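Please read the structure below before turning to the comments.
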Amino acid sequence: MSNMDKYLNMIGHNLQLLDAKFEELNKNYKALSSYIANQHKLSGEEEYSIYQQGSFAIDTAIKPLKNDDFDVDVVVEFEISKDEVGPIEFYNQLLETFKEGRYGDLVEEYRNNIRINYDNNYHFDIMPAIPLNNNSESLNVPDRKKQWVIRSPKTYKE
């Protein structure tokens, strides 16, 4: 093995997310998903799906720089129409789900996401979303101004 290979191997090893941290993140992701399934504030019996997006979803997650949090990006997609609910109401309903429950001390409004901050140097950024239409992978998402914008996390993952 050349010196360059040794250095690249060492760099890769130091950047990788440790198995214990990966297991902790997955455990908390499952707990968060279960909580949303049982507590979400949207009225009725809407279908929804919860899935990861970003680096965690495509298995490229690496340890953050010193003093930076590791983030796990999560989409909560409800099968309703944007005609049924406005962007502000939609965002606030999911936000209230967390504020009123066991995540109340961890929740923060963050950009177009709802952030759940953990003490272990990581957080979940939860993006509430509604399908753009039946024939698209794109989503309607409330933005910082709480207007609908289009995002495509599934396309990014592919």
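Ligands are numbered from 1 in the order shown, residues from 1 within each chain, and chains are lettered A, B, ... in the order they appear in the structure tokens.
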Among range 3-154 of chain A, which ones does DSSP assign to strand (DSSP E) (computed from the backbone)? Answer as a CSV table (one decimal) with N, CA and C atoms, in the first residue's frame.
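Final output, part_15.csv:
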```csv
chain,number,residue,atom,x,y,z
A,48,TYR,N,-49.8,9.3,5.2
A,48,TYR,CA,-48.6,10.1,5.2
A,48,TYR,C,-47.4,9.1,5.1
A,49,SER,N,-46.3,9.6,4.8
A,49,SER,CA,-45.0,8.8,4.8
A,49,SER,C,-43.9,9.6,5.4
A,50,ILE,N,-43.0,8.9,6.0
A,50,ILE,CA,-41.9,9.5,6.7
A,50,ILE,C,-40.6,8.9,6.1
A,51,TYR,N,-39.7,9.7,5.6
A,51,TYR,CA,-38.5,9.1,5.0
A,51,TYR,C,-37.3,10.1,5.2
A,52,GLN,N,-36.1,9.6,5.1
A,52,GLN,CA,-34.9,10.4,5.2
A,52,GLN,C,-34.6,11.0,3.8
A,53,GLN,N,-33.9,12.1,3.9
A,53,GLN,CA,-33.4,12.7,2.6
A,53,GLN,C,-32.0,13.2,2.9
A,70,PHE,N,-24.3,17.1,13.7
A,70,PHE,CA,-24.6,16.2,12.6
A,70,PHE,C,-26.1,16.4,12.4
A,71,ASP,N,-26.6,16.5,11.1
A,71,ASP,CA,-28.0,16.6,10.9
A,71,ASP,C,-28.6,15.5,10.1
A,72,VAL,N,-29.8,15.1,10.4
A,72,VAL,CA,-30.5,14.1,9.7
A,72,VAL,C,-31.7,14.8,9.1
A,73,ASP,N,-31.8,14.8,7.8
A,73,ASP,CA,-32.9,15.4,7.1
A,73,ASP,C,-34.1,14.4,6.9
A,74,VAL,N,-35.3,14.8,7.3
A,74,VAL,CA,-36.4,13.9,7.3
A,74,VAL,C,-37.6,14.6,6.6
A,75,VAL,N,-38.3,13.9,5.8
A,75,VAL,CA,-39.5,14.4,5.2
A,75,VAL,C,-40.7,13.8,5.8
A,76,VAL,N,-41.7,14.5,6.1
A,76,VAL,CA,-43.0,14.0,6.5
A,76,VAL,C,-44.0,14.5,5.5
A,77,GLU,N,-44.4,13.5,4.6
A,77,GLU,CA,-45.3,13.8,3.5
A,77,GLU,C,-46.7,13.3,3.7
A,78,PHE,N,-47.6,14.3,3.8
A,78,PHE,CA,-49.0,14.0,4.0
A,78,PHE,C,-49.7,13.9,2.6
A,107,VAL,N,-37.6,21.1,20.5
A,107,VAL,CA,-38.1,21.6,19.2
A,107,VAL,C,-37.7,23.0,18.9
A,108,GLU,N,-37.4,23.3,17.7
A,108,GLU,CA,-37.1,24.7,17.3
A,108,GLU,C,-37.6,24.9,15.8
A,109,GLU,N,-38.2,26.1,15.6
A,109,GLU,CA,-38.5,26.5,14.2
A,109,GLU,C,-37.2,26.8,13.5
A,110,TYR,N,-37.0,26.2,12.4
A,110,TYR,CA,-35.8,26.4,11.7
A,110,TYR,C,-36.0,26.5,10.2
A,113,ASN,N,-38.0,24.1,8.0
A,113,ASN,CA,-38.0,22.8,8.8
A,113,ASN,C,-38.4,23.0,10.2
A,114,ILE,N,-38.7,21.9,10.8
A,114,ILE,CA,-38.9,21.8,12.3
A,114,ILE,C,-37.7,21.0,12.8
A,115,ARG,N,-36.9,21.7,13.6
A,115,ARG,CA,-35.7,21.0,14.1
A,115,ARG,C,-35.9,20.4,15.5
A,116,ILE,N,-35.4,19.2,15.6
A,116,ILE,CA,-35.4,18.5,16.9
A,116,ILE,C,-33.9,18.4,17.3
A,117,ASN,N,-33.5,19.1,18.4
A,117,ASN,CA,-32.1,19.2,18.8
A,117,ASN,C,-31.8,18.1,19.9
A,118,TYR,N,-30.8,17.3,19.7
A,118,TYR,CA,-30.4,16.4,20.7
A,118,TYR,C,-29.1,16.8,21.4
A,122,TYR,N,-26.2,16.3,17.5
A,122,TYR,CA,-26.9,16.1,16.3
A,122,TYR,C,-28.4,16.6,16.4
A,123,HIS,N,-29.0,16.7,15.3
A,123,HIS,CA,-30.4,17.2,15.2
A,123,HIS,C,-31.1,16.6,14.0
A,124,PHE,N,-32.4,16.5,14.1
A,124,PHE,CA,-33.2,16.1,13.0
A,124,PHE,C,-33.9,17.4,12.4
A,125,ASP,N,-33.8,17.6,11.1
A,125,ASP,CA,-34.5,18.7,10.4
A,125,ASP,C,-35.7,18.0,9.7
A,126,ILE,N,-36.9,18.3,10.1
A,126,ILE,CA,-38.1,17.7,9.6
A,126,ILE,C,-38.8,18.6,8.7
A,127,MET,N,-39.0,18.2,7.4
A,127,MET,CA,-39.6,19.0,6.4
A,127,MET,C,-41.0,18.5,6.2
A,128,PRO,N,-42.0,19.3,6.6
A,128,PRO,CA,-43.4,18.9,6.2
A,128,PRO,C,-43.7,19.1,4.7
A,129,ALA,N,-44.4,18.2,4.1
A,129,ALA,CA,-44.6,18.3,2.7
A,129,ALA,C,-45.9,17.7,2.2
A,130,ILE,N,-46.3,18.1,1.1
A,130,ILE,CA,-47.6,17.7,0.4
A,130,ILE,C,-47.2,17.4,-1.0
A,131,PRO,N,-47.7,16.3,-1.6
A,131,PRO,CA,-47.3,16.0,-3.0
A,131,PRO,C,-47.7,17.1,-4.0
A,139,LEU,N,-42.6,17.9,-4.4
A,139,LEU,CA,-43.4,18.2,-3.2
A,139,LEU,C,-43.7,19.7,-3.0
A,140,ASN,N,-44.8,20.0,-2.5
A,140,ASN,CA,-45.1,21.4,-2.0
A,140,ASN,C,-44.6,21.4,-0.5
A,141,VAL,N,-43.8,22.4,-0.2
A,141,VAL,CA,-43.2,22.6,1.1
A,141,VAL,C,-43.4,24.0,1.5
A,142,PRO,N,-43.8,24.3,2.8
A,142,PRO,CA,-43.9,25.7,3.2
A,142,PRO,C,-42.4,26.2,3.4
A,148,TRP,N,-45.9,28.2,-0.3
A,148,TRP,CA,-45.6,26.9,-0.9
A,148,TRP,C,-44.4,27.1,-1.9
A,149,VAL,N,-43.4,26.2,-1.8
A,149,VAL,CA,-42.3,26.1,-2.8
A,149,VAL,C,-42.2,24.6,-3.2
A,150,ILE,N,-41.6,24.4,-4.3
A,150,ILE,CA,-41.4,23.0,-4.8
A,150,ILE,C,-40.1,22.5,-4.4
A,151,ARG,N,-40.0,21.3,-3.9
A,151,ARG,CA,-38.8,20.6,-3.5
A,151,ARG,C,-38.9,19.1,-4.1
```
Selection near Pro87 in chain A, 7 Å with only C-alpha atoms, sequence-local residues under 2 positions removed, as a ChimeraX atom specification: /A:85,89-91,142,146-148
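Comparing A:Asp83, A:Asp69, A:Asp5, A:Glu23 by their smallest distance to Asn120 in chain A, the closest is A:Asp69 (using only C-alpha atoms).
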Straight-line distance linking CA of Arg144 in chain A with CA of Asn112 in chain A, stated in Å to one decimal: 5.0 Å
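The nearest approach to Leu106 in chain A among the residues A:Ile36, A:Asn3, A:Leu94, A:Asp119, with only C-alpha atoms taken into account, belongs to A:Asp119.
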Option closest in space to Leu132 in chain A, from A:Met4, A:Ile80, A:Leu32, A:Ile88 [counting only C-alpha atoms]: A:Ile80
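For the set A:Asn92, A:Gly86, A:Gly54, A:Glu100, the residue with the smallest atom-to-atom gap to Ser152 in chain A is A:Gly54, counting only C-alpha atoms.
Going from CA of His40 in chain A over to CA of Gly101 in chain A, you cover 10.1 Å.
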Counting only C-alpha atoms, the residue of A:Ser2, A:Tyr35, A:Pro153, A:Lys30 that sits nearest Tyr103 in chain A: A:Tyr35
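Atom pair CA of Phe56 in chain A / CA of Thr155 in chain A has a distance of 14.7 Å (rounded to one decimal).
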